[in-house]
Amino acid sequence: MNAGEGLAMAASLALLGWSGIWFLNRKLYREYEERRALVQILFGAVFALSCNLLQLVLFEIVPLLSPQARWLNWKLDLYCIVALLVFVLPYYHCYLVFRNKGSRRERAAIAALCFLLGFLYAFWRMGVHFPMPSPDKGFFTVAQMVSRVGVIGVSVMAVLAGFGAVDLPYSYLSLFIRDIQDSDIASLERQLMQALEMGIAKKKKRILLAQSEMRRSLLKGEAKSTSFFSRVVRTVVRSVSEDEQIHNLEVEINGLEELSRQLFLDIFELRKAKQAAIYSRTWRGHVKNIWGYALSLYCVYKMLRSLQSIVLRDTGSVDPATNAIAIFLRIFHINFNVALWSQYVSLAFVGMMIAMSLRGFLQSLMKFFSIASSGGARNSSSNVLVLFLSEIMGMYFVSSILLIRKSLASEYRSIITDALGGDIQFNFYHRWFDAIFVVSALLSILLFAVQYTSKQADDKHPVD
Amino acid sequence: MYRRAKEEALPPTGQVRVLIVGDAGVGKSSLAQLIVDGSCGKDVARTIGCTVHVKHIQHTTLANSFQDFFVELWDVSGNEWYKDCRSLFYSQINGIIFVHDLSQRKTKSSLQKWAREVASLGHFSAPLPSSGMGLVPVPFLVIGNKADIAPKAGGSSGNLVDAARHWVEKQGLLSPTDELPTSETFPGTQGLRAAAKDGELDMEAIDDFFSMLIRRRYFGEGISTYFSSTQSNIPVNSTNQMPSSSFMYNGLARSNSSSRYRL
């Protein structure tokens, strides 16, 4: 391991960190929220370390650096990312939450420390329910922490995969696209303008009432000739009726504003649906429709495979790439030197899987971020959101290492097993993934069914 | 207010409609609240659709009598998602307030896109003749918000990528992409600085803007009269006037005050 390799490693980490920060600023931060430099740096660090792990897997297949350099890189990366995920991020997360609520620095720091200790305890206790490396070899080893992080990460992966497997066909199939009439949209728009105009009229009335009340109280102050009693009566009678009027107006105004917000959101939904309907009639839309059918078949196939592997405890130890090649060669009766090419095919396969998984995750990240940050959340909570997403991202990629091991040919698996150290039960994670995948897919199907039927009901009885 | 207490209250004789547009998160709702209530809340929720704020204006006519008007501030959501649904709100516009964020340079350059959108989709009441007054056919105002957290000249915002880009441009490695809106879109060289959360806003300029809109709508005064008789018509009541450096924003001449900045 020489200085050149060390430099290359450091340079690649820096580059990955910078692209993480760039992604955060250009793609995730859409609406000019409050940003803190440390949050962005942490996100970039987690992103860099995660991508580095995936990069290292590729370097196993096509040996790029010397084995010692790779070994060192693995160990260093795992230590750093686990330290970030288990210690730094929860602490800073809690600290920011308290600071946003307005506490002083010391109080927030103490509260965050308590939270961190509680979190570590819960984190440790979680290991009771799952097969973990035995604690004989020490408490805070990388293996222990990675196995726990792996459980959370694998759950996240499975939930995302299950939801995605159902969501994609649902959005592609033309079957589920509703037909929206222009008149429906126009009538809703009319109602919205009416609600707005009524709201404006009431606000004007409220202003005038408030002014006349002020004027009256001014005049009252100057009246000296009337008796005390009649003055009291006049005060009570007048001010009660006017206060009550103003209060009623305020209630009505709030109701109208809420109504106009709701109508606007409905109009937005209808316009989106109308655009989807128009698109589905183009030739591109038809292609998408066919893709939708294919993907739904694939989704059903995956669910059945997962069920089978849970029930039959069948894990399989051959990686799909070699399998696919063997089948291919057998079909075409080609006499080929498999060993030479399998390395590169394996590389291509694993690389593609990594790329697709990375891209899918980043897209989900973007979607989630835009929904969460525009759902009425305040500007200051974007920092907390980014930290939360950094934790999820770190856990996701660490567990993808655990799972990707199965797809590697056996000679490449050893590095992962050695780097993680300890006796991590890899098969457990696959079964756990399959179980959560099936549950998540079923729940998503239920969710979409409910959403579809409720929208159908809405269309049949539109709001008049 | 006290002057009117003795007289019989005249009902307001009309209203003008002012659109407030700008990117999401620049502070349009906070500014609208500040203009109407005099103060704005700590955490204003994101606007969904459009919120209308109403302000009562006492207008001094040329005959030195008072007339009351309402100003409707239509605060439109700047969210990109709602782009197709927004055109509903662009009707009977008398004036526009463009808002951008002084700490995010991109919001200023996107005012161009906003001007184009409103100009193409909007319906204007009493539009100006299209003779060299920019894209938008009604009077407008440009306000730069968040002056309290805006970077000082040469500083950088919390955005690391923008900060790095700024540094690289300063070293001369990249040509500065000063994506400021062109002067054809926003003729006139000055805009306002504001910090809505701190309550810092030049209310006189806002009131003058509203008065001008009222005069245009109800008293039939066009912009051309302003070009000729600028100094005498407008009641200049700012305390620190420096008559030597006057400027125009869209036809309304004012003497300079410390809260202006070059567009």
# chains A, B, ... in the order shown; residues from 1 in each chain; ligands from 1
call {"tool": "residues_around", "arguments": {"residues": "A:Ser66", "least_positions_apart": "4", "cutoff": "12 Å", "atoms": "only C-alpha atoms", "output": "list in words"}}
result
Met1, Asn2, Gly4, Glu5, Gly6, Met9, Leu56, Phe59, Glu60, Val62, Arg70, Trp71, Leu72 and Asn73 of chain A
call {"tool": "select_by_dssp", "arguments": {"residues": "stretch 11-120 of chain B", "states": "strand (DSSP E)", "output": "NGL selection string"}}
result
:B and (15-21 or 50-60 or 66-76 or 95-101)
call {"tool": "atom_distance", "arguments": {"atom1": "atom CA of A:Phe268", "atom2": "atom CA of A:Thr282"}}
result
22.0 Å
call {"tool": "atom_distance", "arguments": {"atom1": "atom CA of B:Lys55", "atom2": "atom CA of B:Arg116"}}
result
27.2 Å
call {"tool": "closest_residue", "arguments": {"among": "B:Lys197, B:Ser125, B:Ala45, B:Ser91", "to": "B:Tyr218", "atoms": "only C-alpha atoms"}}
result
B:Ser125
call {"tool": "residues_around", "arguments": {"residues": "A:Glu391", "least_positions_apart": "4", "cutoff": "9 Å", "atoms": "only C-alpha atoms", "output": "list of chain:residue names"}}
result
A:Phe43, A:Val46, A:Leu84, A:Leu85, A:Val86, A:Leu89, A:Pro90, A:Val386, A:Leu387, A:Met395, A:Tyr396
